[in-house]
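Student: Provided herewith: work-v3.txt, compact mmCIF, C-alpha atoms.
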```txt
# COMPACT_ATOMS: atom_id res chain seq x y z
CA MET A 29 95.23 177.47 -347.64
CA GLU A 30 94.09 181.03 -347.35
CA LEU A 31 92.03 181.32 -344.19
CA TYR A 32 88.62 182.86 -344.43
CA SER A 33 86.50 183.80 -341.43
CA PHE A 34 82.78 184.24 -341.74
CA ASP A 35 82.40 187.88 -340.84
CA ASP A 36 80.82 191.07 -342.17
CA ALA A 37 83.53 191.49 -344.79
CA TYR A 38 83.14 187.91 -346.04
CA VAL A 39 79.36 188.17 -346.31
CA ARG A 40 79.63 191.55 -348.05
CA ARG A 41 82.10 190.15 -350.59
CA LEU A 42 79.84 187.16 -351.16
CA ARG A 43 76.82 189.40 -351.66
CA GLU A 44 78.78 191.49 -354.13
CA GLY A 45 79.78 188.42 -356.08
CA ASP A 46 83.52 188.53 -355.40
CA PRO A 47 84.82 185.50 -357.38
CA SER A 48 87.39 184.20 -354.88
CA THR A 49 84.94 184.48 -352.00
CA GLU A 50 82.26 182.72 -354.02
CA THR A 51 84.72 179.96 -354.92
CA HIS A 52 85.65 179.50 -351.27
CA PHE A 53 82.01 179.52 -350.19
CA VAL A 54 80.96 176.89 -352.70
CA ALA A 55 83.97 174.66 -352.06
CA TYR A 56 83.73 174.92 -348.27
CA PHE A 57 80.04 174.16 -347.95
CA HIS A 58 79.76 171.78 -350.92
CA GLN A 59 81.64 169.04 -349.07
CA LEU A 60 79.93 169.61 -345.73
CA LEU A 61 76.51 169.54 -347.34
CA SER A 62 77.42 166.37 -349.23
CA ILE A 63 78.45 164.66 -345.99
CA LYS A 64 75.32 165.83 -344.17
CA LEU A 65 72.98 164.74 -346.96
CA ARG A 66 74.69 161.39 -347.42
CA ALA A 67 74.19 160.77 -343.70
CA ARG A 68 70.50 160.47 -344.68
CA TYR A 69 71.24 157.65 -347.17
CA LEU A 70 69.65 159.55 -350.01
CA ALA A 71 70.27 158.67 -353.66
CA MET A 72 73.24 160.49 -355.21
CA ASP A 73 71.12 162.54 -357.59
CA THR A 74 68.84 163.56 -354.71
CA VAL A 75 71.92 164.64 -352.72
CA ASP A 76 73.07 166.73 -355.69
CA ASP A 77 69.64 168.33 -356.09
CA LEU A 78 69.18 169.14 -352.41
CA ARG A 79 72.70 170.49 -352.09
CA GLN A 80 72.22 172.76 -355.08
CA GLU A 81 68.85 173.95 -353.77
CA THR A 82 70.43 174.78 -350.42
CA MET A 83 73.23 176.83 -352.01
CA ILE A 84 70.79 178.68 -354.24
CA ARG A 85 68.56 179.61 -351.30
CA VAL A 86 71.50 180.78 -349.19
CA ILE A 87 72.84 183.00 -351.97
CA ARG A 88 69.35 184.34 -352.60
CA ALA A 89 68.93 185.14 -348.90
CA LEU A 90 72.33 186.85 -348.81
CA ARG A 91 71.37 189.10 -351.68
CA SER A 92 67.90 189.92 -350.43
CA GLU A 93 66.84 192.93 -348.40
CA GLY A 94 68.26 192.55 -344.90
CA GLY A 95 70.44 189.64 -345.99
CA ILE A 96 71.98 187.60 -343.17
CA ARG A 97 71.83 189.41 -339.85
CA GLN A 98 74.62 187.48 -338.12
CA PRO A 99 77.51 186.93 -340.56
CA GLU A 100 79.49 184.97 -337.97
CA ARG A 101 76.67 182.40 -338.02
CA LEU A 102 76.76 181.90 -341.76
CA GLY A 103 77.59 178.22 -341.28
CA ALA A 104 74.63 177.69 -338.96
CA PHE A 105 72.43 179.48 -341.50
CA VAL A 106 73.56 177.17 -344.31
CA ASN A 107 72.86 174.17 -342.06
CA SER A 108 69.38 175.39 -341.19
CA VAL A 109 68.52 176.09 -344.84
CA CYS A 110 69.63 172.54 -345.62
CA ASN A 111 67.39 171.24 -342.84
CA ASN A 112 64.42 173.08 -344.37
CA VAL A 113 65.22 171.72 -347.83
CA LEU A 114 65.43 168.22 -346.36
CA GLN A 115 62.10 168.55 -344.56
CA GLU A 116 60.43 169.70 -347.76
CA HIS A 117 61.94 166.74 -349.58
CA TYR A 118 60.67 164.31 -346.93
CA ARG A 119 57.20 165.85 -347.03
CA ALA A 120 57.09 165.67 -350.82
CA SER A 121 58.34 162.07 -350.76
CA SER A 122 55.85 161.00 -348.10
CA ARG A 123 52.98 162.22 -350.27
CA SER A 124 53.84 159.66 -352.92
CA GLN A 125 55.21 157.01 -350.58
CA PRO A 126 54.76 156.89 -346.80
CA LEU A 127 58.09 157.12 -345.06
CA GLU A 128 58.86 154.79 -342.22
CA GLU A 129 60.14 156.31 -339.01
CA SER A 130 63.45 154.48 -339.39
CA GLN A 131 64.12 156.12 -342.74
CA LEU A 132 64.21 159.49 -341.09
CA GLU A 133 66.30 158.49 -338.13
CA ASN A 134 69.82 157.25 -337.84
CA SER A 135 69.81 153.68 -339.11
CA GLY A 136 73.11 152.84 -337.38
CA LYS A 137 74.83 152.26 -340.69
CA VAL A 138 78.13 153.88 -341.58
CA LEU A 139 77.88 156.92 -343.83
CA ASN A 140 77.87 156.23 -347.54
CA LEU A 141 80.77 158.30 -348.77
CA GLU A 142 81.07 156.60 -352.13
CA GLY A 143 81.46 158.82 -355.10
CA LEU A 144 83.68 161.57 -353.73
CA LEU A 145 86.21 162.38 -356.42
CA ILE A 146 89.59 161.07 -355.27
CA SER A 147 92.85 162.27 -356.77
CA GLU A 148 95.76 159.95 -357.41
CA GLU A 149 97.73 161.83 -354.74
CA THR A 150 95.05 161.13 -352.17
CA SER A 151 94.84 157.46 -353.16
CA LYS A 152 98.60 157.17 -352.80
CA ASN A 153 98.52 158.64 -349.32
CA VAL A 154 95.62 156.46 -348.28
CA ARG A 155 97.48 153.36 -349.48
CA ARG A 156 100.45 154.47 -347.42
CA VAL A 157 98.32 154.99 -344.33
CA LEU A 158 96.55 151.66 -344.74
CA LYS A 159 99.88 149.90 -345.21
CA SER A 160 101.19 151.41 -342.01
CA LEU A 161 98.30 149.92 -340.04
CA PRO A 162 98.48 146.43 -338.55
CA GLN A 163 96.85 143.81 -340.76
CA ARG A 164 93.97 143.37 -338.35
CA ASP A 165 93.17 147.08 -338.42
CA ARG A 166 93.28 147.10 -342.22
CA ASP A 167 90.87 144.21 -342.30
CA LEU A 168 88.62 145.94 -339.78
CA ILE A 169 88.42 149.06 -341.95
CA ARG A 170 87.72 146.89 -344.97
CA ALA A 171 84.96 144.98 -343.18
CA ILE A 172 83.22 148.11 -341.87
CA PHE A 173 83.65 150.65 -344.64
CA PHE A 174 84.12 148.59 -347.78
CA GLU A 175 82.12 145.45 -347.16
CA GLU A 176 79.65 147.44 -344.97
CA ARG A 177 79.12 144.51 -342.66
CA ASP A 178 77.24 144.84 -339.42
CA LYS A 179 79.51 146.53 -336.86
CA ASP A 180 78.58 144.25 -333.98
CA ASP A 181 79.27 141.14 -336.06
CA VAL A 182 82.61 142.52 -337.13
CA CYS A 183 83.57 143.47 -333.57
CA ARG A 184 82.69 139.98 -332.38
CA GLU A 185 84.67 138.37 -335.14
CA PHE A 186 87.76 140.45 -334.57
CA GLY A 187 87.46 140.40 -330.80
CA VAL A 188 87.24 144.20 -330.43
CA ASP A 189 84.61 146.60 -329.13
CA ARG A 190 83.02 149.72 -330.60
CA ASP A 191 85.48 151.97 -328.78
CA TYR A 192 88.30 150.24 -330.61
CA LEU A 193 86.63 151.03 -333.93
CA ARG A 194 86.33 154.70 -333.05
CA VAL A 195 89.93 154.92 -331.91
CA LEU A 196 91.05 153.13 -335.06
CA LEU A 197 89.17 155.59 -337.24
CA HIS A 198 90.57 158.49 -335.24
CA ARG A 199 94.17 157.22 -335.59
CA ALA A 200 93.79 156.50 -339.28
CA LYS A 201 92.28 159.92 -339.89
CA ASP A 202 95.15 161.64 -338.04
CA LYS A 203 97.78 159.66 -339.96
CA PHE A 204 96.07 160.59 -343.20
CA ARG A 205 96.02 164.26 -342.28
CA GLN A 206 99.70 164.18 -341.47
CA ALA A 207 100.50 162.33 -344.68
CA LEU A 208 98.52 164.67 -346.88
CA GLY A 209 99.16 167.93 -345.07
CA GLU A 210 96.48 170.49 -344.25
CA ASP A 211 96.81 172.45 -347.49
CA GLN A 212 96.43 169.40 -349.61
CA ILE A 213 93.37 168.25 -347.67
CA ALA A 214 91.78 171.58 -348.42
CA SER A 215 92.53 171.35 -352.11
CA ALA A 216 91.61 167.66 -352.25
CA THR A 217 88.23 168.33 -350.66
CA HIS A 218 87.74 171.51 -352.68
CA GLY A 219 88.54 169.51 -355.80
CA ALA A 220 85.92 166.97 -354.75
CA GLY A 221 83.61 169.83 -353.93
CA ALA A 222 83.98 171.28 -357.38
CA ARG A 223 82.24 168.20 -358.86
CA MET B 18 77.19 171.22 -328.60
CA ASP B 19 80.42 173.21 -328.53
CA HIS B 20 83.86 172.19 -329.70
CA THR B 21 84.86 170.75 -326.33
CA ASP B 22 81.73 168.61 -326.25
CA ALA B 23 82.30 167.42 -329.81
CA THR B 24 85.89 166.44 -329.04
CA ARG B 25 85.04 164.79 -325.73
CA LEU B 26 82.24 162.79 -327.34
CA GLY B 27 84.38 161.69 -330.29
CA ALA B 28 81.51 163.07 -332.31
CA CYS B 29 83.34 163.02 -335.65
CA GLU B 30 84.08 159.27 -335.53
CA LYS B 31 80.66 158.41 -334.11
CA TYR B 32 78.98 160.49 -336.81
CA LEU B 33 80.83 158.65 -339.57
CA LEU B 34 80.11 155.29 -337.96
CA GLY B 35 76.42 156.16 -337.76
CA GLU B 36 76.46 155.92 -333.99
CA LEU B 37 75.08 159.29 -333.00
CA PRO B 38 71.41 159.36 -331.98
CA PRO B 39 69.31 161.73 -334.12
CA SER B 40 69.34 164.61 -331.62
CA LEU B 41 73.12 164.52 -331.17
CA ARG B 42 73.58 164.09 -334.89
CA SER B 43 71.66 167.32 -335.51
CA GLU B 44 73.65 169.10 -332.81
CA PHE B 45 76.94 167.94 -334.27
CA GLU B 46 75.88 169.01 -337.74
CA GLU B 47 74.97 172.45 -336.47
CA HIS B 48 78.34 172.57 -334.75
CA TYR B 49 80.53 171.50 -337.66
CA PHE B 50 78.88 173.92 -340.04
CA GLY B 51 80.14 176.68 -337.78
CA CYS B 52 83.42 175.22 -336.51
CA THR B 53 86.24 175.22 -339.05
CA VAL B 54 88.33 172.84 -336.93
CA CYS B 55 85.64 170.16 -336.74
CA ALA B 56 84.74 170.78 -340.39
CA ALA B 57 88.37 170.12 -341.39
CA GLU B 58 88.47 166.93 -339.25
CA LEU B 59 85.27 165.69 -340.76
CA ASN B 60 86.36 166.50 -344.31
CA SER B 61 89.64 164.66 -343.93
CA ALA B 62 87.99 161.65 -342.32
CA ALA B 63 85.37 161.53 -345.07
CA LEU B 64 88.05 161.81 -347.73
CA PHE B 65 90.08 159.06 -346.09
CA LEU B 66 87.11 156.70 -345.90
CA SER B 67 85.97 157.40 -349.44
CA ALA B 68 89.48 156.82 -350.80
CA SER B 69 89.89 153.73 -348.63
CA ARG B 70 86.82 152.18 -350.25
CA GLN B 71 88.43 152.59 -353.66
CA VAL B 72 91.85 151.41 -352.54
CA LEU B 73 90.51 148.42 -350.62
CA GLY B 74 88.46 147.46 -353.62
CA GLU B 75 91.72 147.05 -355.52
CA THR B 76 93.34 144.69 -353.02
CA PRO B 77 92.35 141.14 -352.13
CA VAL B 78 91.13 140.10 -348.69
CA SER B 79 94.02 139.02 -346.50
CA ALA B 80 94.57 135.37 -345.65
CA ARG B 81 94.00 136.21 -341.99
CA ALA B 82 90.57 137.65 -342.71
CA GLU B 83 89.65 134.47 -344.59
CA HIS B 84 90.44 132.44 -341.47
CA LEU B 85 87.92 134.52 -339.58
CA THR B 86 84.98 132.97 -341.42
CA SER B 87 83.26 130.27 -339.45
CA PRO B 88 85.03 126.93 -339.94
CA ALA B 89 81.95 125.02 -338.75
CA ARG B 90 80.00 125.89 -341.92
CA PRO B 91 82.55 125.92 -344.71
CA TRP B 92 79.86 125.70 -347.41
CA LEU B 93 78.76 129.19 -346.38
CA ALA B 94 82.14 130.43 -347.68
CA TRP B 95 80.69 130.07 -351.20
CA PHE B 96 78.29 132.89 -350.37
CA ARG B 97 81.03 135.31 -349.36
CA PRO B 98 81.30 138.34 -351.62
CA ALA B 99 84.61 137.08 -353.06
CA PHE B 100 82.78 134.15 -354.65
CA ALA B 101 79.17 135.18 -354.74
CA VAL B 102 79.66 138.50 -356.51
CA PRO B 103 81.61 137.15 -359.50
CA ALA B 104 79.22 134.19 -359.75
CA LEU B 105 76.21 136.51 -359.73
CA ALA B 106 77.85 138.79 -362.28
CA ALA B 107 78.51 135.79 -364.57
CA LEU B 108 74.91 134.65 -364.19
CA LEU B 109 73.59 138.11 -365.00
CA LEU B 110 75.83 138.23 -368.07
CA LEU B 111 74.49 134.88 -369.23
CA ILE B 112 70.88 135.97 -368.70
CA GLY B 113 71.56 139.25 -370.50
CA TYR B 114 73.25 137.46 -373.41
CA GLN B 115 70.30 135.10 -373.78
CA ASN B 116 67.61 137.71 -373.39
CA PHE B 117 69.13 140.46 -375.46
CA LEU B 118 71.02 138.52 -378.14
CA VAL B 119 70.17 134.86 -378.51
CA ILE B 120 66.39 134.90 -378.06
CA PRO B 121 65.75 138.03 -380.15
CA HIS B 122 68.00 136.58 -382.89
CA TRP B 123 65.96 133.39 -383.11
CA LYS B 124 62.69 135.28 -382.89
CA ASN B 125 63.88 137.51 -385.71
CA LEU B 126 64.79 134.56 -387.87
CA ALA B 127 61.42 132.97 -387.20
CA ALA B 128 59.72 136.16 -388.35
CA ARG B 129 61.38 136.04 -391.76
CA THR B 130 60.25 133.75 -394.55
CA ASP B 131 62.33 131.84 -397.07
CA SER B 132 60.70 133.47 -400.07
CA PRO B 133 61.02 137.08 -401.23
CA ARG B 134 58.45 139.63 -400.08
CA LEU B 135 57.45 143.01 -401.40
CA LEU B 136 57.88 145.62 -398.66
CA HIS B 137 56.79 149.24 -398.44
CA PRO B 138 58.87 150.62 -395.61
CA PRO B 139 58.08 154.17 -394.56
CA TYR B 140 60.56 156.77 -395.66
CA VAL B 141 61.47 159.47 -393.14
CA ARG B 142 62.88 162.44 -395.00
CA VAL B 143 65.19 165.01 -393.43
CA GLY B 144 63.68 168.35 -392.68
CA VAL B 145 60.18 167.05 -393.19
CA SER B 146 58.32 166.55 -389.96
CA ARG B 147 55.12 164.61 -390.26
CA ALA B 148 51.93 165.58 -388.52
CA ALA B 149 50.03 163.16 -386.33
CA GLU B 150 47.46 162.41 -389.03
CA THR B 151 50.14 161.15 -391.42
CA ALA B 152 51.63 158.78 -388.85
CA PHE B 153 52.68 155.46 -390.30
CA GLN B 154 51.81 152.20 -388.62
CA VAL B 155 54.01 149.30 -387.63
CA PRO B 156 52.90 145.86 -386.45
CA ALA B 157 53.46 145.01 -382.80
CA GLY B 158 55.71 142.07 -381.99
CA GLN B 159 57.72 142.17 -385.22
CA PRO B 160 60.85 143.99 -386.24
CA PHE B 161 60.11 146.79 -388.68
CA ASP B 162 62.40 148.66 -391.05
CA ILE B 163 62.33 152.37 -391.76
CA PHE B 164 64.30 154.24 -394.40
CA LEU B 165 65.90 157.33 -392.94
CA ASP B 166 67.65 160.14 -394.74
CA VAL B 167 70.78 160.97 -392.74
CA PRO B 168 71.72 164.57 -393.53
CA SER B 169 75.13 165.56 -394.86
CA ALA B 170 77.40 166.23 -391.90
CA PRO B 171 78.03 169.99 -391.54
CA PRO B 172 77.14 171.59 -389.24
CA TYR B 173 76.67 168.36 -387.25
CA GLN B 174 79.45 165.99 -386.21
CA SER B 175 77.12 163.08 -385.56
CA PHE B 176 73.47 162.30 -385.07
CA LEU B 177 71.20 160.63 -382.59
CA PHE B 178 68.15 158.61 -383.54
CA ARG B 179 65.58 158.40 -380.78
CA ILE B 180 62.22 156.77 -380.16
CA GLU B 181 59.97 158.62 -377.72
CA ASP B 182 56.71 157.36 -376.29
CA LYS B 183 53.60 159.51 -376.12
CA SER B 184 54.76 161.06 -372.84
CA GLY B 185 57.92 162.27 -374.49
CA VAL B 186 60.06 159.76 -372.60
CA THR B 187 62.94 158.33 -374.62
CA ARG B 188 62.51 154.59 -374.99
CA PHE B 189 65.46 153.87 -377.25
CA SER B 190 68.28 155.88 -378.69
CA LEU B 191 70.77 154.96 -381.39
CA PRO B 192 73.88 157.01 -382.16
CA VAL B 193 74.38 157.55 -385.88
CA PRO B 194 78.02 158.24 -386.71
CA SER B 195 79.11 160.85 -389.18
CA SER B 196 80.16 158.03 -391.57
CA GLU B 197 76.43 157.59 -392.30
CA SER B 198 75.92 161.25 -393.23
CA GLY B 199 74.45 161.88 -396.65
CA LYS B 200 73.23 158.28 -396.91
CA ALA B 201 69.86 156.60 -396.74
CA ALA B 202 70.02 154.32 -393.73
CA VAL B 203 67.68 151.53 -392.78
CA VAL B 204 66.74 151.57 -389.14
CA GLN B 205 65.13 148.47 -387.73
CA LEU B 206 62.68 149.25 -384.97
CA PRO B 207 62.76 146.86 -382.04
CA SER B 208 60.00 144.25 -382.00
CA ASN B 209 59.20 144.74 -378.32
CA LEU B 210 57.47 148.11 -378.58
CA ALA B 211 54.05 147.92 -376.92
CA PRO B 212 51.07 149.07 -379.00
CA GLY B 213 50.64 152.83 -378.82
CA SER B 214 51.82 156.18 -380.19
CA TYR B 215 55.49 156.99 -380.59
CA GLN B 216 57.67 159.61 -382.16
CA LEU B 217 60.76 159.00 -384.22
CA VAL B 218 63.23 161.84 -383.72
CA LEU B 219 66.53 162.55 -385.44
CA LEU B 220 68.86 164.96 -383.66
CA GLY B 221 72.02 166.61 -384.99
CA LEU B 222 74.89 166.81 -382.48
CA SER B 223 77.74 169.29 -382.48
CA THR B 224 80.06 170.91 -379.97
CA SER B 225 77.77 173.92 -379.86
CA SER B 226 74.69 171.81 -379.37
CA LEU B 227 75.52 168.87 -377.13
CA SER B 228 71.88 168.08 -376.37
CA GLY B 229 71.15 168.06 -380.10
CA ASP B 230 69.15 170.05 -382.62
CA GLU B 231 65.97 168.38 -383.74
CA ILE B 232 66.17 167.76 -387.49
CA THR B 233 63.18 165.54 -388.10
CA ARG B 234 60.23 164.22 -386.09
CA ALA B 235 57.84 161.55 -387.36
CA PRO B 236 54.98 160.03 -385.39
CA PHE B 237 54.19 156.35 -385.78
CA LEU B 238 51.77 153.90 -384.28
CA VAL B 239 52.50 150.39 -383.10
CA VAL B 240 49.34 148.41 -383.72
CA ILE B 241 48.17 144.84 -383.35
CA PRO B 242 48.69 143.00 -386.68
CA GLY B 243 45.42 142.73 -388.58
CA GLN B 244 44.43 146.20 -387.47
CA ILE B 245 46.92 147.91 -389.80
CA GLU B 246 45.18 150.14 -392.31
CA GLN B 247 46.03 149.39 -395.91
CA HIS B 248 47.06 152.51 -397.92
```
Can you give me the file's structure in the form of structure tokens?

Tutor:
Amino acid sequence: MELYSFDDAYVRRLREGDPSTETHFVAYFHQLLSIKLRARYLAMDTVDDLRQETMIRVIRALRSEGGIRQPERLGAFVNSVCNNVLQEHYRASSRSQPLEESQLENSGKVLNLEGLLISEETSKNVRRVLKSLPQRDRDLIRAIFFEERDKDDVCREFGVDRDYLRVLLHRAKDKFRQALGEDQIASATHGAGAR
Amino acid sequence: MDHTDATRLGACEKYLLGELPPSLRSEFEEHYFGCTVCAAELNSAALFLSASRQVLGETPVSARAEHLTSPARPWLAWFRPAFAVPALAALLLLIGYQNFLVIPHWKNLAARTDSPRLLHPPYVRVGVSRAAETAFQVPAGQPFDIFLDVPSAPPYQSFLFRIEDKSGVTRFSLPVPSSESGKAAVVQLPSNLAPGSYQLVLLGLSTSSLSGDEITRAPFLVVIPGQIEQH
């Protein structure tokens, strides 16, 4: 994967509409924005709308007078634009339907990552990783991320604690990264990002 | 939060498990938008979990996991997703079959008589859009037939017949294949349209116009039987 750093040159190329820089920008932030917005348990079409609005506003800001003053903080800028877009969405939603406090805060549920486009290559590697795990760990991942059962109930049932879950996720993630290779992760996530 | 903090906290895993409190969640999000290392970790973890959901959905629950359900209340096992979901799906299918096929079929039959009747179905001609004052009327609660001129195919590959309510919202749509082009088709309006104003729209579809070109638009009114004006 060609490495890009968010610096003056990158921002200038983006402002000028350089195609490869634009492609990288969209692909890089598309996935991160999707993850951030899905952490709010929003409907898929709302996630798509808010993500698009965020990208549009960032590009507009880049091309406006003054542009972005700190190119090295481009990522933080994208995040803060997304926060503004989210706040506006919550305000607009609360006008038609009062939002409960818990809807705005972390509900303790795992992130809903359904719907990311998955290539056959990725599926194959995930199957391999899951197969390499002990049966209990496979069942744990199934219970938490597929069946979306309550984490405390699952931990009690399997006789593990929350730390074990985190370590399991960490190990599985590392195995997956090794199996897929860094370049392929980039293209797999960029492929998903291109949706 | 810097990279060392994020690593020490195990922020990536906690974030995905929904275990970060709101303030830390915001800090981690601000961090990973600026840290390519954490962004890559998060992306790969998210990809792994998303793919795992699909893969695990393909494979059955292990025998060991089944033994983990409480033996003291075996009848509760019937409510596990492995049983409950297919049972619910079958029930929904049955309800759908009854509501959308069987009951309307019998209602339709009941609406017909055994002796011939003289009908004057409205005729919607291609290229002629009616104005509101020439709207035809259909009785509520009964199926109603309309003659429709389907244009000859070029430049359209197929057509779409649509019923819109007075707000412009599509209530029903019916694809019309190219095999019907150049023919007079009979379209039966559904009997469950509530009284009110509607528009009948015929769209021509082609590769250059995927959302469709409007060919014909005809307003009609669904009225309570007995209130239909005689022409």

Student: Pick from B:Leu64, B:Ala106, B:Leu191, B:Val167: nearest to chain A, with all atoms listed in the file counted?

Tutor: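 Closest residue, counting all atoms listed in the file: B:Leu64.
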
Student: Tell me as number ranges by chain which residues belonging to chain B come within 6 Å of chain A, counting only C-alpha atoms.

Tutor: B: 30, 33-36, 39, 47, 50-51, 62, 67-68, 70

Student: If you take every atom of segment 74-87 of chain A that the file lists and fit an axis-aligned box around them with 4 Å extra on each side, what centre and edge lengths come out in Å to one decimal, as JSON?

Tutor:
```
{"center_x": 70.9, "center_y": 173.3, "center_z": -352.6, "size_x": 12.7, "size_y": 27.4, "size_z": 14.9}
```

Student: For Tyr118 of chain A, which residue out of A:Thr74, A:Ser92, A:Arg66, A:Ile87 is the nearest one, using all atoms listed in the file?

Tutor: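 Selected residue with least distance to Tyr118 of chain A: A:Thr74.
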
Student: Can you measure atom CA of Arg40 of chain A to atom CA of Cys55 of chain B for me? One decimal in Å is fine.

Tutor: 24.9 Å

Student: Near Glu231 of chain B, counting all atoms listed in the file, which residues have an atom at most 7 Å away, once you skip same-chain residues fewer than 2 positions from it, shown as a list in words?

Tutor: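 Within the cut-off, the hits are Leu219, Leu220, Gly221, Gly229 and Thr233 of chain B.
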
Student: Given the selection you just returned, output its residues as a file containing C-alpha atoms, formatted as a PDB file, in the frame of the given file.

Tutor:
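So out.pdb came out as:
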```pdb
ATOM      1  CA  LEU B 219      66.530 162.550-385.440  1.00  0.00           C
ATOM      2  CA  LEU B 220      68.860 164.960-383.660  1.00  0.00           C
ATOM      3  CA  GLY B 221      72.020 166.610-384.990  1.00  0.00           C
ATOM      4  CA  GLY B 229      71.150 168.060-380.100  1.00  0.00           C
ATOM      5  CA  THR B 233      63.180 165.540-388.100  1.00  0.00           C
TER       6      THR B 233
END
```

Student: Could you check how far atom CA of Leu78 of chain A sits from atom CA of Cys110 of chain A, in Å to one decimal?

Tutor: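 Computing the Euclidean distance for atom CA of Leu78 of chain A and atom CA of Cys110 of chain A yields 7.6 Å.
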
Student: Can you measure atom CA of Ser62 of chain A to atom CA of Arg79 of chain A for me? One decimal in Å is fine.

Tutor: 6.9 Å

Student: Which residue out of A:Ile96, A:Arg85, A:Leu70, A:Gln80 has the minimum interatomic distance to Ser121 of chain A when all atoms listed in the file are used?

Tutor: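 Checking each candidate against Ser121 of chain A, we get A:Leu70 as the closest.
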
Student: Since the input lacks some atoms of segment 191-208 of chain B, please model N, CA and C atoms and print them as a PDB file, in the coordinates of the input.

Tutor:
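Output saved as rebuild18.pdb:
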```
ATOM      1  N   LEU B 191      69.777 155.629-380.559  1.00  0.00           N
ATOM      2  CA  LEU B 191      70.770 154.960-381.390  1.00  0.00           C
ATOM      3  C   LEU B 191      71.696 156.031-381.954  1.00  0.00           C
ATOM      4  N   PRO B 192      72.984 156.024-381.554  1.00  0.00           N
ATOM      5  CA  PRO B 192      73.880 157.010-382.160  1.00  0.00           C
ATOM      6  C   PRO B 192      74.077 156.693-383.639  1.00  0.00           C
ATOM      7  N   VAL B 193      74.132 157.722-384.447  1.00  0.00           N
ATOM      8  CA  VAL B 193      74.380 157.550-385.880  1.00  0.00           C
ATOM      9  C   VAL B 193      75.678 158.288-386.193  1.00  0.00           C
ATOM     10  N   PRO B 194      76.731 157.560-386.536  1.00  0.00           N
ATOM     11  CA  PRO B 194      78.020 158.240-386.710  1.00  0.00           C
ATOM     12  C   PRO B 194      78.040 159.088-387.972  1.00  0.00           C
ATOM     13  N   SER B 195      79.016 159.944-388.033  1.00  0.00           N
ATOM     14  CA  SER B 195      79.110 160.850-389.180  1.00  0.00           C
ATOM     15  C   SER B 195      79.391 160.072-390.473  1.00  0.00           C
ATOM     16  N   SER B 196      79.904 158.833-390.360  1.00  0.00           N
ATOM     17  CA  SER B 196      80.160 158.030-391.570  1.00  0.00           C
ATOM     18  C   SER B 196      78.863 157.726-392.324  1.00  0.00           C
ATOM     19  N   GLU B 197      77.722 157.852-391.638  1.00  0.00           N
ATOM     20  CA  GLU B 197      76.430 157.590-392.300  1.00  0.00           C
ATOM     21  C   GLU B 197      75.848 158.858-392.926  1.00  0.00           C
ATOM     22  N   SER B 198      76.526 159.988-392.772  1.00  0.00           N
ATOM     23  CA  SER B 198      75.920 161.250-393.230  1.00  0.00           C
ATOM     24  C   SER B 198      75.810 161.241-394.754  1.00  0.00           C
ATOM     25  N   GLY B 199      74.722 161.803-395.226  1.00  0.00           N
ATOM     26  CA  GLY B 199      74.450 161.880-396.650  1.00  0.00           C
ATOM     27  C   GLY B 199      73.929 160.573-397.235  1.00  0.00           C
ATOM     28  N   LYS B 200      73.694 159.573-396.387  1.00  0.00           N
ATOM     29  CA  LYS B 200      73.230 158.280-396.910  1.00  0.00           C
ATOM     30  C   LYS B 200      71.787 158.024-396.493  1.00  0.00           C
ATOM     31  N   ALA B 201      71.170 157.084-397.187  1.00  0.00           N
ATOM     32  CA  ALA B 201      69.860 156.600-396.740  1.00  0.00           C
ATOM     33  C   ALA B 201      70.105 155.358-395.897  1.00  0.00           C
ATOM     34  N   ALA B 202      69.773 155.442-394.633  1.00  0.00           N
ATOM     35  CA  ALA B 202      70.020 154.320-393.730  1.00  0.00           C
ATOM     36  C   ALA B 202      68.717 153.581-393.485  1.00  0.00           C
ATOM     37  N   VAL B 203      68.859 152.311-393.162  1.00  0.00           N
ATOM     38  CA  VAL B 203      67.680 151.530-392.780  1.00  0.00           C
ATOM     39  C   VAL B 203      67.767 151.306-391.283  1.00  0.00           C
ATOM     40  N   VAL B 204      66.775 151.751-390.587  1.00  0.00           N
ATOM     41  CA  VAL B 204      66.740 151.570-389.140  1.00  0.00           C
ATOM     42  C   VAL B 204      65.687 150.509-388.832  1.00  0.00           C
ATOM     43  N   GLN B 205      66.087 149.500-388.105  1.00  0.00           N
ATOM     44  CA  GLN B 205      65.130 148.470-387.730  1.00  0.00           C
ATOM     45  C   GLN B 205      64.588 148.785-386.351  1.00  0.00           C
ATOM     46  N   LEU B 206      63.291 148.970-386.264  1.00  0.00           N
ATOM     47  CA  LEU B 206      62.680 149.250-384.970  1.00  0.00           C
ATOM     48  C   LEU B 206      62.637 147.960-384.154  1.00  0.00           C
ATOM     49  N   PRO B 207      62.817 148.069-382.858  1.00  0.00           N
ATOM     50  CA  PRO B 207      62.760 146.860-382.040  1.00  0.00           C
ATOM     51  C   PRO B 207      61.363 146.258-382.057  1.00  0.00           C
ATOM     52  N   SER B 208      61.297 144.927-381.897  1.00  0.00           N
ATOM     53  CA  SER B 208      60.000 144.250-382.000  1.00  0.00           C
ATOM     54  C   SER B 208      59.235 144.263-380.679  1.00  0.00           C
TER      55      SER B 208
END
```
